[in-house]
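Text of work.cif (mmCIF, C-alpha atoms) as supplied:
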data_upload
#
loop_
_atom_site.label_atom_id
_atom_site.label_comp_id
_atom_site.auth_asym_id
_atom_site.auth_seq_id
_atom_site.Cartn_x
_atom_site.Cartn_y
_atom_site.Cartn_z
CA MET A 2 9.71 50.28 19.52
CA LYS A 3 8.43 47.37 17.46
CA GLN A 4 5.65 45.48 19.24
CA GLN A 5 6.43 41.81 19.86
CA LYS A 6 4.21 39.38 17.96
CA LYS A 7 1.77 37.49 20.14
CA GLU A 8 2.11 33.73 19.94
CA THR A 9 -0.68 31.71 18.35
CA VAL A 10 -1.82 28.57 20.16
CA VAL A 11 -4.15 25.85 18.84
CA VAL A 12 -6.26 23.85 21.32
CA THR A 13 -8.34 20.72 20.69
CA GLY A 14 -10.69 19.61 23.46
CA ALA A 15 -11.27 23.26 24.37
CA THR A 16 -14.82 22.57 25.56
CA GLY A 17 -13.67 19.83 27.94
CA PHE A 18 -12.92 20.26 31.64
CA ILE A 19 -9.15 20.79 31.47
CA GLY A 20 -9.23 22.21 27.94
CA SER A 21 -11.68 24.98 28.85
CA HIS A 22 -9.51 26.05 31.80
CA LEU A 23 -6.43 25.99 29.57
CA LEU A 24 -8.24 28.06 26.93
CA ARG A 25 -9.27 30.78 29.39
CA THR A 26 -5.82 30.98 30.94
CA LEU A 27 -4.16 31.32 27.53
CA LEU A 28 -6.59 34.11 26.65
CA ASP A 29 -5.90 35.84 29.97
CA LEU A 30 -2.18 35.65 29.13
CA ASP A 31 -2.96 37.41 25.83
CA TYR A 32 -2.13 34.57 23.45
CA ASN A 33 -3.99 34.33 20.16
CA VAL A 34 -5.96 31.11 20.56
CA VAL A 35 -7.55 28.92 17.89
CA ALA A 36 -9.96 26.29 19.23
CA ILE A 37 -11.12 23.34 17.14
CA VAL A 38 -14.67 22.47 18.24
CA ARG A 39 -17.26 19.92 17.15
CA GLU A 40 -20.26 21.76 15.77
CA ASN A 41 -22.67 19.63 17.83
CA SER A 42 -20.63 19.75 21.07
CA LYS A 43 -22.85 19.86 24.16
CA SER A 44 -20.09 21.64 26.09
CA CYS A 45 -19.87 24.82 24.02
CA TYR A 46 -21.28 26.67 27.04
CA ARG A 47 -17.73 26.51 28.43
CA LEU A 48 -16.38 28.69 25.63
CA PRO A 49 -15.99 32.41 26.42
CA LYS A 50 -18.08 34.83 24.39
CA ASN A 51 -16.94 37.88 22.39
CA VAL A 52 -13.20 37.53 22.95
CA ASN A 53 -11.02 39.28 20.38
CA ASN A 54 -8.06 36.92 20.53
CA LEU A 55 -10.11 33.71 20.20
CA GLU A 56 -10.97 32.07 16.88
CA ILE A 57 -13.24 29.03 16.86
CA ILE A 58 -12.98 26.60 13.96
CA PHE A 59 -15.72 24.01 13.76
CA GLY A 60 -14.61 20.69 12.39
CA ASP A 61 -14.22 16.95 12.76
CA LEU A 62 -10.77 15.88 13.98
CA ALA A 63 -11.09 12.75 11.85
CA ASN A 64 -11.34 14.83 8.66
CA ILE A 65 -7.78 16.06 8.28
CA ASP A 66 -8.20 17.39 4.72
CA ASP A 67 -11.10 19.63 5.78
CA LEU A 68 -9.15 20.95 8.75
CA ILE A 69 -6.02 21.70 6.72
CA TYR A 70 -8.23 23.67 4.33
CA LYS A 71 -9.82 25.64 7.19
CA PHE A 72 -6.40 26.36 8.70
CA GLN A 73 -4.88 27.83 5.52
CA HIS A 74 -4.70 31.30 7.07
CA ILE A 75 -3.14 30.14 10.36
CA LYS A 76 0.46 29.69 11.46
CA ALA A 77 0.82 28.45 15.02
CA ASP A 78 3.56 28.40 17.64
CA VAL A 79 2.11 25.77 19.99
CA PHE A 80 -0.45 22.99 19.42
CA TYR A 81 -2.29 21.44 22.40
CA HIS A 82 -4.14 18.21 21.68
CA LEU A 83 -6.50 17.46 24.59
CA ALA A 84 -9.49 16.03 22.72
CA TRP A 85 -10.32 12.37 23.28
CA GLY A 86 -13.45 10.47 22.35
CA GLY A 87 -14.31 8.99 25.73
CA VAL A 88 -12.73 9.07 29.16
CA GLY A 89 -15.53 8.01 31.52
CA ASN A 90 -15.58 4.65 33.27
CA ALA A 91 -18.50 3.48 31.13
CA VAL A 92 -16.44 3.71 27.92
CA ARG A 93 -12.99 2.77 29.18
CA ASN A 94 -13.08 -0.49 27.21
CA ASP A 95 -15.11 0.69 24.23
CA THR A 96 -13.42 -0.11 20.92
CA GLY A 97 -14.28 3.43 19.80
CA GLN A 98 -11.16 4.43 21.74
CA LEU A 99 -9.10 3.13 18.80
CA ARG A 100 -10.33 6.02 16.65
CA ASP A 101 -8.37 8.45 18.81
CA ILE A 102 -5.04 6.95 17.75
CA ASP A 103 -5.72 8.02 14.15
CA ILE A 104 -6.93 11.41 15.39
CA THR A 105 -3.68 11.94 17.30
CA VAL A 106 -1.76 11.32 14.07
CA ASN A 107 -4.10 13.73 12.27
CA MET A 108 -3.40 16.47 14.82
CA MET A 109 0.34 16.05 14.39
CA ASN A 110 -0.03 16.31 10.62
CA LEU A 111 -2.23 19.40 11.04
CA ALA A 112 0.40 20.99 13.29
CA LYS A 113 3.04 20.29 10.65
CA ALA A 114 0.84 21.82 7.95
CA ILE A 115 0.61 25.10 9.90
CA ASP A 116 4.36 25.22 10.61
CA CYS A 117 3.99 24.41 14.31
CA VAL A 118 6.96 22.61 15.89
CA ARG A 119 5.78 22.56 19.54
CA TRP A 120 3.10 19.87 19.88
CA ILE A 121 1.74 18.86 23.30
CA GLY A 122 -0.53 15.83 23.64
CA THR A 123 -2.24 14.78 26.85
CA GLY A 124 -2.01 11.25 28.19
CA SER A 125 -3.24 9.61 31.35
CA GLN A 126 -2.23 7.83 34.51
CA ALA A 127 -4.17 4.91 32.98
CA GLU A 128 -1.18 4.25 30.71
CA TYR A 129 0.78 2.91 33.69
CA GLY A 130 -1.77 0.43 35.05
CA VAL A 131 -1.49 -1.03 38.54
CA LEU A 132 1.94 -0.19 39.97
CA ASN A 133 0.90 0.82 43.53
CA ARG A 134 3.83 3.15 44.19
CA PRO A 135 5.12 6.56 43.09
CA ILE A 136 5.38 6.43 39.30
CA ARG A 137 8.19 7.76 37.11
CA GLU A 138 7.97 8.31 33.37
CA GLU A 139 10.52 5.54 32.78
CA ASP A 140 8.47 2.87 34.54
CA ILE A 141 7.19 -0.18 32.68
CA TYR A 142 3.59 0.13 31.48
CA PHE A 143 0.77 -2.28 32.39
CA PRO A 144 -2.46 -0.58 31.22
CA THR A 145 -5.55 -2.55 32.25
CA THR A 146 -8.12 -0.79 30.03
CA LEU A 147 -8.50 -0.09 26.34
CA TYR A 148 -8.45 3.60 27.22
CA GLY A 149 -5.04 3.28 28.87
CA THR A 150 -3.73 1.13 26.04
CA THR A 151 -4.84 3.52 23.29
CA LYS A 152 -3.45 6.51 25.20
CA LEU A 153 -0.13 4.67 25.48
CA SER A 154 -0.22 3.83 21.76
CA ALA A 155 -0.90 7.49 20.92
CA CYS A 156 1.98 8.50 23.16
CA MET A 157 4.46 6.21 21.44
CA LEU A 158 3.25 7.26 17.99
CA SER A 159 3.54 10.94 18.87
CA GLN A 160 7.16 10.59 19.93
CA LEU A 161 8.16 8.66 16.80
CA LEU A 162 6.11 10.64 14.28
CA GLY A 163 7.16 13.92 15.85
CA LYS A 164 10.79 13.22 15.06
CA GLN A 165 9.91 12.28 11.48
CA LEU A 166 7.97 15.53 11.04
CA GLY A 167 10.76 17.66 12.49
CA MET A 168 8.67 18.60 15.52
CA SER A 169 9.38 18.58 19.26
CA PRO A 170 6.45 16.61 20.73
CA ILE A 171 5.62 16.58 24.43
CA TRP A 172 3.37 13.97 26.02
CA ALA A 173 1.86 15.20 29.29
CA ARG A 174 0.67 12.25 31.35
CA ILE A 175 -2.09 13.68 33.52
CA PHE A 176 -3.07 12.15 36.86
CA SER A 177 -6.34 12.88 38.73
CA ILE A 178 -7.41 16.49 38.16
CA TYR A 179 -10.32 18.16 39.95
CA GLY A 180 -11.83 21.62 40.20
CA PRO A 181 -14.65 23.94 39.11
CA SER A 182 -16.70 22.81 36.08
CA ASP A 183 -15.49 19.21 36.28
CA ASN A 184 -17.93 16.68 34.84
CA ARG A 185 -20.32 14.46 36.75
CA GLY A 186 -19.25 10.85 37.07
CA TRP A 187 -15.95 11.41 38.88
CA MET A 188 -15.50 10.58 42.54
CA LEU A 189 -14.98 14.08 43.93
CA THR A 190 -17.69 15.71 41.83
CA GLU A 191 -20.24 13.02 42.65
CA LEU A 192 -19.32 13.16 46.33
CA ILE A 193 -19.81 16.94 46.47
CA CYS A 194 -23.12 16.75 44.56
CA SER A 195 -24.44 14.03 46.85
CA LEU A 196 -23.44 15.74 50.08
CA LEU A 197 -24.89 19.08 48.93
CA GLN A 198 -28.22 17.27 48.61
CA GLY A 199 -27.85 15.76 52.07
CA LYS A 200 -27.16 12.31 50.66
CA VAL A 201 -24.25 10.07 51.68
CA PRO A 202 -22.93 7.94 48.80
CA LYS A 203 -21.83 4.36 49.24
CA LEU A 204 -18.08 4.19 49.70
CA THR A 205 -15.19 1.75 49.71
CA GLU A 206 -13.03 1.45 52.82
CA GLY A 207 -11.16 4.48 51.49
CA ASP A 208 -7.66 3.15 52.15
CA GLN A 209 -6.49 3.98 48.62
CA LEU A 210 -3.70 6.55 48.43
CA TRP A 211 -4.52 8.96 45.61
CA ASP A 212 -2.80 11.84 43.85
CA TYR A 213 -5.17 14.76 43.20
CA LEU A 214 -4.14 18.00 41.47
CA TYR A 215 -6.20 21.18 41.20
CA VAL A 216 -7.05 22.14 37.61
CA ASP A 217 -5.34 25.56 37.70
CA ASP A 218 -2.06 23.86 38.65
CA ALA A 219 -2.51 21.37 35.80
CA VAL A 220 -3.04 24.22 33.34
CA ASP A 221 0.07 26.01 34.58
CA ALA A 222 2.03 22.79 34.02
CA LEU A 223 0.77 22.48 30.44
CA ILE A 224 1.73 26.06 29.71
CA ALA A 225 5.17 25.55 31.26
CA LEU A 226 5.74 22.58 28.94
CA ALA A 227 5.27 24.83 25.91
CA SER A 228 8.65 26.46 26.47
CA ASN A 229 11.22 25.77 23.75
CA THR A 230 13.76 24.91 26.45
CA VAL A 231 11.81 21.79 27.52
CA PRO A 232 13.19 18.64 25.82
CA GLN A 233 10.91 16.37 23.81
CA GLY A 234 9.48 13.51 25.84
CA ILE A 235 6.97 12.33 28.43
CA TYR A 236 6.15 14.32 31.58
CA ASN A 237 3.95 13.40 34.53
CA ILE A 238 1.49 16.04 35.74
CA GLY A 239 0.24 15.43 39.26
CA SER A 240 0.56 16.81 42.77
CA GLY A 241 3.55 14.61 43.55
CA LYS A 242 1.99 13.32 46.75
CA SER A 243 -0.88 11.05 47.68
CA GLN A 244 -3.55 11.17 50.38
CA PRO A 245 -5.95 8.49 51.65
CA ILE A 246 -9.30 8.67 49.89
CA ARG A 247 -10.93 8.41 53.31
CA SER A 248 -9.33 11.67 54.50
CA ILE A 249 -10.31 13.47 51.28
CA VAL A 250 -13.93 12.31 51.63
CA GLU A 251 -13.97 13.44 55.26
CA LEU A 252 -12.55 16.83 54.26
CA VAL A 253 -15.33 17.35 51.72
CA ARG A 254 -17.99 16.25 54.21
CA ASP A 255 -16.66 18.60 56.89
CA LYS A 256 -16.78 21.55 54.49
CA ILE A 257 -20.40 20.81 53.52
CA ASP A 258 -22.13 19.38 56.58
CA THR A 259 -20.35 17.83 59.57
CA SER A 260 -23.60 16.18 60.70
CA LEU A 261 -23.66 13.83 57.70
CA LYS A 262 -22.46 10.39 58.79
CA LEU A 263 -20.11 8.61 56.45
CA THR A 264 -20.01 4.84 56.21
CA PHE A 265 -16.92 3.31 54.64
CA GLY A 266 -16.81 -0.22 53.27
CA ASP A 267 -20.23 -0.50 51.62
CA VAL A 268 -18.56 -0.90 48.21
CA PRO A 269 -15.93 -3.64 47.71
CA TYR A 270 -12.67 -2.87 45.93
CA ARG A 271 -12.50 -3.88 42.27
CA ASN A 272 -10.26 -6.79 41.30
CA ASP A 273 -7.93 -4.35 39.53
CA GLN A 274 -8.20 -1.66 42.21
CA ILE A 275 -5.17 0.62 42.35
CA MET A 276 -4.34 1.16 46.01
CA HIS A 277 -1.52 3.67 45.58
CA LEU A 278 -1.49 6.16 42.72
CA GLU A 279 1.12 8.89 42.91
CA ALA A 280 3.01 10.83 40.25
CA ASP A 281 6.72 11.42 40.51
CA ILE A 282 6.89 14.99 39.17
CA SER A 283 10.62 15.57 39.54
CA LYS A 284 11.13 15.61 35.75
CA ILE A 285 8.67 18.41 34.96
CA MET A 286 9.91 20.37 37.98
CA GLN A 287 13.50 20.01 36.79
CA TYR A 288 12.88 21.18 33.21
CA THR A 289 10.21 23.86 33.80
CA GLY A 290 10.46 25.01 37.42
CA TRP A 291 6.72 24.31 37.78
CA SER A 292 5.30 23.04 41.06
CA PRO A 293 1.75 22.77 42.44
CA LYS A 294 0.51 25.83 44.32
CA VAL A 295 -3.09 25.11 45.36
CA SER A 296 -3.67 23.07 48.52
CA MET A 297 -6.34 20.38 48.70
CA GLN A 298 -8.31 22.52 51.17
CA GLU A 299 -8.29 25.54 48.83
CA GLY A 300 -9.14 23.44 45.80
CA ILE A 301 -12.05 21.70 47.50
CA ASP A 302 -13.40 25.07 48.68
CA SER A 303 -13.35 26.45 45.12
CA THR A 304 -14.94 23.30 43.69
CA ILE A 305 -17.75 23.23 46.24
CA SER A 306 -18.41 26.94 45.72
CA TYR A 307 -18.61 26.50 41.94
CA ILE A 308 -21.06 23.60 42.17
CA LYS A 309 -23.22 25.52 44.66
CA ASN A 310 -23.39 28.46 42.26
CA ASN A 311 -24.06 26.31 39.19
CA MET A 312 -26.65 23.83 40.45
CA GLU A 313 -28.46 23.61 37.11
CA GLU A 314 -25.27 22.61 35.29
CA TYR A 315 -24.98 19.67 37.70
CA LYS A 316 -28.70 18.88 37.53
CA LEU A 317 -29.17 19.51 41.24
CA ARG A 318 -32.39 21.52 40.78
#
Could the structure of this file be written out as structure tokens, please?
Amino acid sequence: MKQQKKETVVVTGATGFIGSHLLRTLLDLDYNVVAIVRENSKSCYRLPKNVNNLEIIFGDLANIDDLIYKFQHIKADVFYHLAWGGVGNAVRNDTGQLRDIDITVNMMNLAKAIDCVRWIGTGSQAEYGVLNRPIREEDIYFPTTLYGTTKLSACMLSQLLGKQLGMSPIWARIFSIYGPSDNRGWMLTELICSLLQGKVPKLTEGDQLWDYLYVDDAVDALIALASNTVPQGIYNIGSGKSQPIRSIVELVRDKIDTSLKLTFGDVPYRNDQIMHLEADISKIMQYTGWSPKVSMQEGIDSTISYIKNNMEEYKLR
């Protein structure tokens, strides 16, 4: 019997939080994976070592000619574009975000050059802005940051350019993802790090309703979107339900040290504070059959355990 050819998948942002989880899952599923990595990336520690079906190509996503040259020997079935210059709160309004619009176009042209018709870019809940209700893909957009605006611009460009290139582009709009190996600077990670050191961070009142999704579920959603049966378009990736921030903070505290006293209300809400952020995930469920599997309790347990076992990574020693 003739052995079926393994699919080849390209991943940008493979050293990032979500990208590294996606990379490992694809390898576990026995795909051939090609990761584009910056040579000076500080996150290369996230890449697996000595894996036969992984090829790492070092390059600058802004230099499309160099990348097309380096990809001459590659033909790909699926192209995941997760790389983005800056996503932290400190750079949300940095004009450097504009560079990523050109890079998105570059990655579509690279996919075309290697005969790849299934292109999946990753967007953000920030594209929607302050809606304060469950959000559908068809809702009007009111991004309040340059990050959200450039993500939205990249989304629109990907859908238009994809058609012109004869591709079937997917834009996965990702809500709040958490889990092992997440970066410092995000609410859940900082909360866990603080409480593990016996410190209680300053908190808002915690009345915000927030949609959190465990990283393994997010990866499964991205892989489900790679199917040829999924129509081109925009898809929300979230848990599909929201919980009060206060209850999530209390859950984390109870799993670490119930004696630590939390005080809510020390930090005022921002002027543009989103009080209800929740993804309507009916579209991705309809077209892929995907649904979240990991409960908040299970996800928090795994995240706390990872941080405990990797204290140096989080600079807790």
- Task: Using the chain letters and numbering of this document, enumerate as number ranges by chain the residues selected by the PyMOL selection byres ((chain A and resi 48) around 10).
- Result: A: 15-17, 20-22, 24-25, 36, 38, 44-47, 49-52, 55, 57
- Query: Between A:Gly86, A:Arg271, A:Thr26, A:Ile301, which one has atoms that come closest to Ser42 of chain A, using only C-alpha atoms?
  - Reply: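 Of the candidates, the smallest distance to Ser42 of chain A is held by A:Gly86.
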- atom CA of Leu83 of chain A and atom CA of Leu23 of chain A, how far apart in Å?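 Distance between the two atoms: 9.9 Å.
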- Message: Assuming the chain letters and numbering stay as they are in my file, what does the PyMOL selection byres ((chain A and resi 30) around 12) actually select? List them as a PyMOL selection string.
- Response: chain A and resi 7-10+23-29+31-34+54+221+224
- What lies within 6 Å of segment 118-121 of chain A using all atoms listed in the file, ignoring chain neighbours under 5 positions off, as JSON, numbers by chain? {"A": [79, 80, 81, 168, 169, 170, 171, 172]}
Starting from the shown file, work through the PyMOL selection byres ((chain A and resi 177) around 8) and note down what comes out as a tab-separated table (two decimals) with C-alpha atoms, in the frame of the given file.
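Generated output (part_6.tsv):
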chain	number	residue	atom	x	y	z
A	126	GLN	CA	-2.23	7.83	34.51
A	175	ILE	CA	-2.09	13.68	33.52
A	176	PHE	CA	-3.07	12.15	36.86
A	178	ILE	CA	-7.41	16.49	38.16
A	179	TYR	CA	-10.32	18.16	39.95
A	212	ASP	CA	-2.80	11.84	43.85
A	213	TYR	CA	-5.17	14.76	43.20
A	214	LEU	CA	-4.14	18.00	41.47
A	239	GLY	CA	0.24	15.43	39.26
- Pick from A:Asp218, A:Asp116, A:Glu314, A:Glu279: nearest to Asn184 of chain A, with only C-alpha atoms counted?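 The closest residue to Asn184 of chain A is A:Glu314.
Here the question is which of A:Gly149, A:Gly234, A:Gly241, A:Gly266 gets nearest to Gln98 of chain A using only C-alpha atoms, and that residue is A:Gly149.
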- For Val88 of chain A, please output as a list in words all residues within 9 Å (counting only C-alpha atoms; exclusion window: fewer than 4 positions along the same chain). Val92, Arg93, Gln98 and Tyr148 of chain A
- Separation of atom CA of Ser243 of chain A from atom CA of Ala280 of chain A in Å: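 Spanning atom CA of Ala280 of chain A to atom CA of Ser243 of chain A is a straight-line distance of 8.4 Å.
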- Message: Which residues are close to Arg174 of chain A, i.e. within 9 Å by only C-alpha atoms, leaving aside same-chain residues fewer than 6 positions away? Reply as a list in words.
- Response: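 After dropping sequence-adjacent residues, the list is Gly122, Thr123, Gly124, Ser125, Gln126, Ala127, Glu128, Glu138, Ile235, Tyr236, Asn237, Ile238 and Gly239 of chain A.
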Please write the residues from the selection above to a file, keeping C-alpha atoms, as a JSON list (two decimals), in the frame of the given file.
[["chain", "number", "residue", "atom", "x", "y", "z"],
["A", 122, "GLY", "CA", -0.53, 15.83, 23.64],
["A", 123, "THR", "CA", -2.24, 14.78, 26.85],
["A", 124, "GLY", "CA", -2.01, 11.25, 28.19],
["A", 125, "SER", "CA", -3.24, 9.61, 31.35],
["A", 126, "GLN", "CA", -2.23, 7.83, 34.51],
["A", 127, "ALA", "CA", -4.17, 4.91, 32.98],
["A", 128, "GLU", "CA", -1.18, 4.25, 30.71],
["A", 138, "GLU", "CA", 7.97, 8.31, 33.37],
["A", 235, "ILE", "CA", 6.97, 12.33, 28.43],
["A", 236, "TYR", "CA", 6.15, 14.32, 31.58],
["A", 237, "ASN", "CA", 3.95, 13.40, 34.53],
["A", 238, "ILE", "CA", 1.49, 16.04, 35.74],
["A", 239, "GLY", "CA", 0.24, 15.43, 39.26]]
- Item | Pairwise distance for atom CA of Ile102 of chain A and atom CA of Ser154 of chain A, rounded to one decimal in Å |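 A separation of 7.0 Å between them.
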- Message: I'd like to know which of A:Trp187, A:Tyr270, A:Tyr288, A:Trp211 is closest to Thr230 of chain A, using only C-alpha atoms.
- Response: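 Going through A:Trp187, A:Tyr270, A:Tyr288, A:Trp211 one by one, the smallest distance to Thr230 of chain A is for A:Tyr288.
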- Query: Can you tell me, as a ChimeraX atom specification, what residues are no more than 12 Å from Leu111 of chain A when counting all atoms listed in the file, ignoring any on the same chain fewer than 3 positions away?
  - Reply: /A:11-13,37,62-73,75-77,79-82,104-108,114-118,120,163,166,168
- Message: Counting all atoms listed in the file, I want the residues whose atoms come within 12 Å of (-12.3, 17.2, 54.8) in the file frame, returned as JSON, numbers by chain.
- Response: {"A": [189, 192, 193, 244, 245, 246, 247, 248, 249, 250, 251, 252, 253, 254, 255, 256, 257, 258, 259, 263, 297, 298, 299, 300, 301, 302, 305]}
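The shell of residues at most 12 Å from segment 141-143 of chain A, with all atoms listed in the file counted and near chain neighbours (fewer than 4 positions) removed, consists of Ser125, Gln126, Ala127, Glu128, Tyr129, Gly130, Val131, Leu132, Asn133, Ile136, Arg137, Leu147, Gly149, Thr150, Lys152, Leu153, Ser154, Cys156, Met157, Asp273 and Ile275 of chain A.
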- Go through A:Thr289, A:Ser182, A:Ser159, A:Thr264 and flag the residue nearest Glu206 of chain A, using only C-alpha atoms for the distances.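 The answer is A:Thr264, which sits nearest to Glu206 of chain A.
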- Given only C-alpha atoms as the counted atoms, nearest of A:Leu204, A:Gln165, A:Ala112, A:Ile19 to Gly180 of chain A: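 Checking each of A:Leu204, A:Gln165, A:Ala112, A:Ile19 against Gly180 of chain A, counting only C-alpha atoms, the winner is A:Ile19.
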Since fewer atoms than expected are present, regenerate N, CA and C atoms for segment 256-273 of chain A and write them as an mmCIF file, keeping the file's coordinate frame.
data_model
loop_
_atom_site.group_PDB
_atom_site.id
_atom_site.type_symbol
_atom_site.label_atom_id
_atom_site.label_comp_id
_atom_site.auth_asym_id
_atom_site.auth_seq_id
_atom_site.Cartn_x
_atom_site.Cartn_y
_atom_site.Cartn_z
ATOM 1 N N LYS A 256 -16.568 20.237 55.081
ATOM 2 C CA LYS A 256 -16.780 21.550 54.490
ATOM 3 C C LYS A 256 -18.232 21.770 54.066
ATOM 4 N N ILE A 257 -18.999 20.686 53.940
ATOM 5 C CA ILE A 257 -20.400 20.810 53.520
ATOM 6 C C ILE A 257 -21.362 20.667 54.689
ATOM 7 N N ASP A 258 -21.212 19.617 55.456
ATOM 8 C CA ASP A 258 -22.130 19.380 56.580
ATOM 9 C C ASP A 258 -21.534 18.331 57.509
ATOM 10 N N THR A 259 -21.010 18.765 58.640
ATOM 11 C CA THR A 259 -20.350 17.830 59.570
ATOM 12 C C THR A 259 -21.314 16.832 60.185
ATOM 13 N N SER A 260 -22.622 17.098 60.098
ATOM 14 C CA SER A 260 -23.600 16.180 60.700
ATOM 15 C C SER A 260 -23.863 14.947 59.838
ATOM 16 N N LEU A 261 -23.446 14.978 58.575
ATOM 17 C CA LEU A 261 -23.660 13.830 57.700
ATOM 18 C C LEU A 261 -22.706 12.705 58.088
ATOM 19 N N LYS A 262 -23.254 11.517 58.333
ATOM 20 C CA LYS A 262 -22.460 10.390 58.790
ATOM 21 C C LYS A 262 -21.985 9.548 57.606
ATOM 22 N N LEU A 263 -20.692 9.400 57.529
ATOM 23 C CA LEU A 263 -20.110 8.610 56.450
ATOM 24 C C LEU A 263 -19.953 7.161 56.875
ATOM 25 N N THR A 264 -20.237 6.264 55.948
ATOM 26 C CA THR A 264 -20.010 4.840 56.210
ATOM 27 C C THR A 264 -19.068 4.298 55.137
ATOM 28 N N PHE A 265 -17.913 3.857 55.569
ATOM 29 C CA PHE A 265 -16.920 3.310 54.640
ATOM 30 C C PHE A 265 -17.016 1.793 54.606
ATOM 31 N N GLY A 266 -16.838 1.236 53.412
ATOM 32 C CA GLY A 266 -16.810 -0.220 53.270
ATOM 33 C C GLY A 266 -18.050 -0.818 52.655
ATOM 34 N N ASP A 267 -19.016 0.024 52.256
ATOM 35 C CA ASP A 267 -20.230 -0.500 51.620
ATOM 36 C C ASP A 267 -19.951 -1.028 50.213
ATOM 37 N N VAL A 268 -18.907 -0.504 49.581
ATOM 38 C CA VAL A 268 -18.560 -0.900 48.210
ATOM 39 C C VAL A 268 -17.239 -1.660 48.251
ATOM 40 N N PRO A 269 -17.195 -2.885 47.721
ATOM 41 C CA PRO A 269 -15.930 -3.640 47.710
ATOM 42 C C PRO A 269 -14.950 -3.060 46.690
ATOM 43 N N TYR A 270 -13.676 -3.279 46.910
ATOM 44 C CA TYR A 270 -12.670 -2.870 45.930
ATOM 45 C C TYR A 270 -12.808 -3.729 44.672
ATOM 46 N N ARG A 271 -12.521 -3.121 43.517
ATOM 47 C CA ARG A 271 -12.500 -3.880 42.270
ATOM 48 C C ARG A 271 -11.311 -4.828 42.268
ATOM 49 N N ASN A 272 -11.374 -5.846 41.405
ATOM 50 C CA ASN A 272 -10.260 -6.790 41.300
ATOM 51 C C ASN A 272 -8.970 -6.114 40.859
ATOM 52 N N ASP A 273 -9.108 -5.066 40.014
ATOM 53 C CA ASP A 273 -7.930 -4.350 39.530
ATOM 54 C C ASP A 273 -7.741 -3.016 40.244
#
